[in-house]
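So the structure is just underneath, and the comments pick up after that.
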Amino acid sequence: MRKINNIVLIDDNKVDGFVNQKIISIVNNTVTTKLFNSSVEALEYFNATTKGIETHPLILTDLIFLDINMPVMNGFEFLNKLSRIKTFLRNPFDVYFLSSSNNEEDISEALSIEFCSGYLIKPLTKEKIRTLIDTKKQIGVELKTKN
Amino acid sequence: MEISSKPIWYDNQEDQLIKSLDKSSMVSITDPKGVIIYVNDSFRKESGYNEQELLGQNHRMLKSGKQPDVLFKGLWKSISSKKVWTGEMCNKRKDGSFYWHKATIIPFTDKDGNIEKYVAIRFDITKNKENIEHLKIAENRFKLFFDAAPNAYFISDTAGLIKNCNIAAQKLSGYPSKQLINKYIGDSILLTKTDRKFFINSLKIPSKTPQKYEFQITSKQGKKIIIEIVSHQVIIDGENVVLHIAHDITKLEAANTKLKEKTKELEMFLYRSSHDLKSPYTSLEGLVTLMKHETLEESTKELLDMFEQTLNTGKILIGNLETASEILNKSIEYKTIDFNKLINQVITSLKHLNGFKDISFNINIPKELKIYSNPEMLNSIMQSLLQNAIKYRRPNTKTHTPFIILNALKTKEGIKITIKDNGMGIKKEDTDKIFDLYYRSNHTVNGTGLGLYITKNAVEKLNGTISATSIISKETQFNILLPNLYSA
């Protein structure tokens, strides 16, 4: 499995985004995190054109934590638009939904989406991050029940 | 064989005849003008007058005034032309009260053929008259109720032909009574073709219990109304008839629909609220985790711990609210459940609870017990009951070992599940209330007052029943009966 260096967080809740960024740095302070409080801004960021493909944000990103309930463009719509960016498939990075809902229907709906690597129930804890970064173990959808 | 005939009358047969008549009837004799010349004892007694008061008086003195003059004219016309007259008469007693009798007046003539006297023989028929009078009163009274009733009453034969109906029935149908009698009930209340057919056909099926129907009809004025008809098949005067009681439930139905909408709205509101409230709690949880990584003073740490505990209670409460609203809203799927497996999962999930290790479990479930039900609901029910049994245990001491006995059995009535513990128990007066919303019997143990309410709702969602028996400071047992839908 690849080493995780860059994480992008997309969450309209500023406090959650801030807390999650902090917690990631507590677990591993070598990881770079980038926080967007708006899915629209995040999409603009990924849509950017760069000189070389190596420096494209989509290529640089290793992991995305994506909130579901967001204004204007929710997590599902965001992922759908993201997957249409040309460079998207060049980089098989992970996208985890991050939501406070533990509703079975919400979870299975999220997991049924292509390109979704897993579903995490808020709050993001050190344990949850460790399983993703430190051990570099890919356990994907299994994580949905870990709370 | 010898047939011996005995004479019917011996000597003085006329005397004997008169005596018999005297005993059985009121006898009076008047002269051709109607002046009383003889009265017997029965006559005197009934009239209330004595002989002196009656003799020499015209028979008119007894007239009640209740009967028309035509009657007396006819009477006189008849007897003065020497014909016997028979009829019903009403007389007035000395005390002013009335008595009815059937009278036969026989004219007697002298040898020249002139009327000499009239002999009147009367039988008392006051009782009969009174009975008829009572019947009339009863019938009037019935008619009054019949017509004053707010519901429409139709009486039809088994083919649906209307025999009688009340005022409300006329109002409901919009037709006067004349146009309703001998018409088909389906036509009178303007049922649709299919409803008419269905209704008439169902009347033909004999039934001992009243049948209830609901129809949408168009009134004569063109208004769409919903009516409910209850049809009783009864026997009146030896005839099979059907009594239909109909009433307009349009308003009721509208209110019902509105109520359903409002309830749905409230359920949705509860669902959304519990859902949305979760988010800030989750944010707070994250903040608490972060704060714990800061360098804190001891006193701040203590406060943070208390803060976290409060946060957890709030989270549980919201979680419960969410579960409750989900039970109300969700349509559920049924699956075949391995009950042993389910219980094992539940118990594993409870291992982290305080006191779990102190409990001795005794679980008796037939190895192959399969239940056809909803796994999530059943899981939630078992989890909450077992959790309660652990939470409300009495502490482990030398003389007391807390236990939980779980039994499950397939019976004729369904799957019977019992959970028994030897914990704190519930006060007798509280056992009925423990399933109520926000009822908390125990203030020493934290609770949200939603647990058993949710459990009961979940059991009912699975069409089952739940009850509890308990002895305070000794034991508690929960009994669950789930329908046995699985038959393989």
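Please note that chains go A, B, ... in the order of the structure tokens, that every chain numbers its residues from 1, and that ligands are numbered from 1 in the order shown.
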
Pull the alpha helix (DSSP H) assignments for region 55-144 of chain A out of DSSP run on the backbone, and list those residues as number ranges by chain. A: 57-60, 75-82, 104-111, 126-132

Report as a compact mmCIF listing (two decimals) with all heavy atoms, in the first residue's frame the set of chain B residues whose atoms approach chain A to within 6 Å, with distances computed over only C-alpha atoms.
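Generated file (part-v4.txt):
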```txt
# COMPACT_ATOMS: atom_id res chain seq x y z
N SER B 279 -25.22 16.13 14.99
CA SER B 279 -24.05 16.76 14.40
C SER B 279 -23.27 17.66 15.40
O SER B 279 -22.06 17.47 15.56
CB SER B 279 -24.49 17.51 13.15
OG SER B 279 -23.47 18.29 12.67
N THR B 282 -21.43 15.58 17.91
CA THR B 282 -20.25 14.95 17.36
C THR B 282 -19.08 15.94 17.32
O THR B 282 -17.95 15.60 17.66
CB THR B 282 -20.54 14.46 15.93
OG1 THR B 282 -21.81 13.81 15.94
CG2 THR B 282 -19.50 13.48 15.45
N SER B 283 -19.39 17.19 16.93
CA SER B 283 -18.35 18.21 16.91
C SER B 283 -17.76 18.41 18.30
O SER B 283 -16.54 18.51 18.47
CB SER B 283 -18.92 19.54 16.42
OG SER B 283 -19.48 19.38 15.14
N GLY B 286 -15.36 15.73 19.25
CA GLY B 286 -14.05 15.95 18.63
C GLY B 286 -13.24 16.99 19.40
O GLY B 286 -12.05 16.79 19.64
```

Within region 218-313 of chain B, find each residue whose DSSP state, derived from the backbone, is strand (DSSP E or B), and express the selection as a PyMOL selection string. chain B and resi 218+224-236+239-248

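Note that the spacing between CA of Gly56 (chain B) and CA of Asp31 (chain B) amounts to 9.6 Å.
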
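Excluding Asn5 (chain A) itself and any same-chain residue fewer than 5 positions from it, the protein and nucleic acid residues within 12 Å of it, counting only C-alpha atoms, are Ile24, Ser25, Asn28, Asn29, Thr30, Val31, Thr32, Thr33, Lys34, Ile59, Leu60, Thr61, Asp62, Leu63, Ile64, Phe93, Leu132, Ile133, Asp134 and Lys136 of chain A.
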
Compile the contact shell of region 117-129 of chain B as a PyMOL selection string: residues with an atom at most 10 Å away, counting only C-alpha atoms, same-chain residues fewer than 5 positions apart removed. chain B and resi 21-22+24-39+42-43+46+79-80+82+84-90+98-110+134-135

Restricted to N, CA and C atoms, what would the selected residues look like written as a short mmCIF file (atom, residue, chain, number, x, y, z; two decimals), in the first residue's frame?
```cif
data_model
loop_
_atom_site.label_atom_id
_atom_site.label_comp_id
_atom_site.auth_asym_id
_atom_site.auth_seq_id
_atom_site.Cartn_x
_atom_site.Cartn_y
_atom_site.Cartn_z
N LEU B 21 -125.41 -16.05 34.13
CA LEU B 21 -125.25 -14.78 33.44
C LEU B 21 -124.95 -13.66 34.43
N ASP B 22 -125.65 -13.74 35.54
CA ASP B 22 -125.50 -12.75 36.59
C ASP B 22 -124.08 -12.70 37.12
N SER B 24 -121.37 -13.75 35.47
CA SER B 24 -120.33 -13.50 34.48
C SER B 24 -120.41 -12.12 33.85
N SER B 25 -121.55 -11.49 33.86
CA SER B 25 -121.67 -10.25 33.10
C SER B 25 -122.44 -9.19 33.87
N MET B 26 -122.33 -7.98 33.31
CA MET B 26 -123.14 -6.88 33.85
C MET B 26 -124.46 -6.91 33.09
N VAL B 27 -125.53 -6.95 33.83
CA VAL B 27 -126.84 -7.02 33.17
C VAL B 27 -127.67 -5.81 33.60
N SER B 28 -128.27 -5.16 32.60
CA SER B 28 -129.18 -4.07 32.93
C SER B 28 -130.39 -4.14 32.01
N ILE B 29 -131.55 -3.66 32.53
CA ILE B 29 -132.76 -3.66 31.69
C ILE B 29 -133.32 -2.23 31.72
N THR B 30 -133.68 -1.74 30.54
CA THR B 30 -134.30 -0.41 30.50
C THR B 30 -135.66 -0.51 29.82
N ASP B 31 -136.45 0.53 30.03
CA ASP B 31 -137.73 0.58 29.31
C ASP B 31 -137.46 1.11 27.90
N PRO B 32 -138.46 1.17 27.05
CA PRO B 32 -138.20 1.59 25.66
C PRO B 32 -137.55 2.96 25.56
N LYS B 33 -137.68 3.80 26.61
CA LYS B 33 -137.09 5.14 26.53
C LYS B 33 -135.65 5.19 27.05
N GLY B 34 -135.22 4.06 27.58
CA GLY B 34 -133.83 4.02 28.06
C GLY B 34 -133.74 4.26 29.55
N VAL B 35 -134.88 4.23 30.25
CA VAL B 35 -134.85 4.43 31.69
C VAL B 35 -134.56 3.09 32.37
N ILE B 36 -133.58 3.12 33.26
CA ILE B 36 -133.13 1.87 33.89
C ILE B 36 -134.21 1.34 34.84
N ILE B 37 -134.55 0.04 34.61
CA ILE B 37 -135.53 -0.58 35.51
C ILE B 37 -134.94 -1.76 36.27
N TYR B 38 -133.78 -2.22 35.82
CA TYR B 38 -133.12 -3.32 36.55
C TYR B 38 -131.61 -3.24 36.34
N VAL B 39 -130.85 -3.47 37.41
CA VAL B 39 -129.40 -3.66 37.29
C VAL B 39 -128.98 -4.81 38.20
N SER B 42 -123.13 -7.07 39.46
CA SER B 42 -121.92 -6.78 38.68
C SER B 42 -122.00 -5.38 38.09
N PHE B 43 -123.15 -5.04 37.57
CA PHE B 43 -123.33 -3.73 36.96
C PHE B 43 -123.11 -2.62 37.98
N GLU B 46 -119.41 -2.31 39.13
CA GLU B 46 -118.53 -1.71 38.12
C GLU B 46 -118.79 -0.21 37.98
N ILE B 79 -131.72 -0.96 17.65
CA ILE B 79 -132.57 -1.63 18.65
C ILE B 79 -134.04 -1.21 18.55
N SER B 80 -134.28 0.05 18.12
CA SER B 80 -135.67 0.47 18.00
C SER B 80 -136.36 -0.24 16.82
N LYS B 82 -135.89 -3.28 16.47
CA LYS B 82 -135.96 -4.64 17.05
C LYS B 82 -134.79 -5.54 16.65
N VAL B 84 -130.85 -6.81 17.40
CA VAL B 84 -129.85 -6.90 18.48
C VAL B 84 -128.63 -6.06 18.06
N TRP B 85 -128.08 -5.29 19.03
CA TRP B 85 -126.90 -4.45 18.73
C TRP B 85 -125.71 -4.93 19.56
N THR B 86 -124.57 -5.02 18.92
CA THR B 86 -123.36 -5.41 19.64
C THR B 86 -122.26 -4.38 19.32
N GLY B 87 -121.56 -3.98 20.34
CA GLY B 87 -120.49 -3.01 20.09
C GLY B 87 -119.69 -2.73 21.34
N GLU B 88 -118.63 -1.96 21.15
CA GLU B 88 -117.77 -1.60 22.29
C GLU B 88 -118.21 -0.24 22.83
N MET B 89 -118.34 -0.16 24.15
CA MET B 89 -118.78 1.10 24.75
C MET B 89 -117.89 1.49 25.90
N CYS B 90 -117.89 2.79 26.13
CA CYS B 90 -117.11 3.26 27.27
C CYS B 90 -118.08 4.00 28.20
N PHE B 98 -113.19 5.72 33.87
CA PHE B 98 -113.86 5.09 32.73
C PHE B 98 -113.70 3.58 32.73
N TYR B 99 -114.64 2.89 32.13
CA TYR B 99 -114.48 1.46 31.90
C TYR B 99 -115.08 1.07 30.58
N TRP B 100 -114.35 0.17 29.94
CA TRP B 100 -114.75 -0.28 28.60
C TRP B 100 -115.42 -1.64 28.71
N HIS B 101 -116.43 -1.82 27.86
CA HIS B 101 -117.09 -3.13 27.84
C HIS B 101 -117.66 -3.41 26.47
N LYS B 102 -117.82 -4.70 26.25
CA LYS B 102 -118.47 -5.13 25.01
C LYS B 102 -119.92 -5.36 25.37
N ALA B 103 -120.82 -4.66 24.69
CA ALA B 103 -122.24 -4.73 25.06
C ALA B 103 -123.07 -5.42 23.98
N THR B 104 -124.03 -6.20 24.43
CA THR B 104 -125.03 -6.77 23.51
C THR B 104 -126.39 -6.31 24.04
N ILE B 105 -127.13 -5.59 23.21
CA ILE B 105 -128.43 -5.08 23.65
C ILE B 105 -129.53 -5.79 22.85
N ILE B 106 -130.39 -6.42 23.62
CA ILE B 106 -131.44 -7.23 22.98
C ILE B 106 -132.81 -6.60 23.24
N PRO B 107 -133.53 -6.22 22.19
CA PRO B 107 -134.87 -5.67 22.38
C PRO B 107 -135.89 -6.79 22.63
N PHE B 108 -136.83 -6.57 23.60
CA PHE B 108 -137.91 -7.55 23.87
C PHE B 108 -139.26 -6.89 23.55
N THR B 109 -140.13 -7.65 22.92
CA THR B 109 -141.42 -7.07 22.53
C THR B 109 -142.57 -7.72 23.32
N ASP B 110 -143.66 -6.98 23.46
CA ASP B 110 -144.84 -7.58 24.10
C ASP B 110 -145.62 -8.37 23.04
N HIS B 134 -101.58 1.02 25.45
CA HIS B 134 -100.15 0.96 25.75
C HIS B 134 -99.34 0.69 24.50
N LEU B 135 -99.84 -0.22 23.70
CA LEU B 135 -99.15 -0.55 22.46
C LEU B 135 -99.00 0.69 21.58
#
```

Hey, what's within 6 Å of region 163-169 of chain B if we count only C-alpha atoms and toss same-chain stuff fewer than 3 positions away? As a list in words, please?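 Listed by chain and then number, they are Phe146, Asp147, Asn151, Ala152, Tyr153, Phe154, Ile155, Ser156, Leu172 and Ile181 of chain B.
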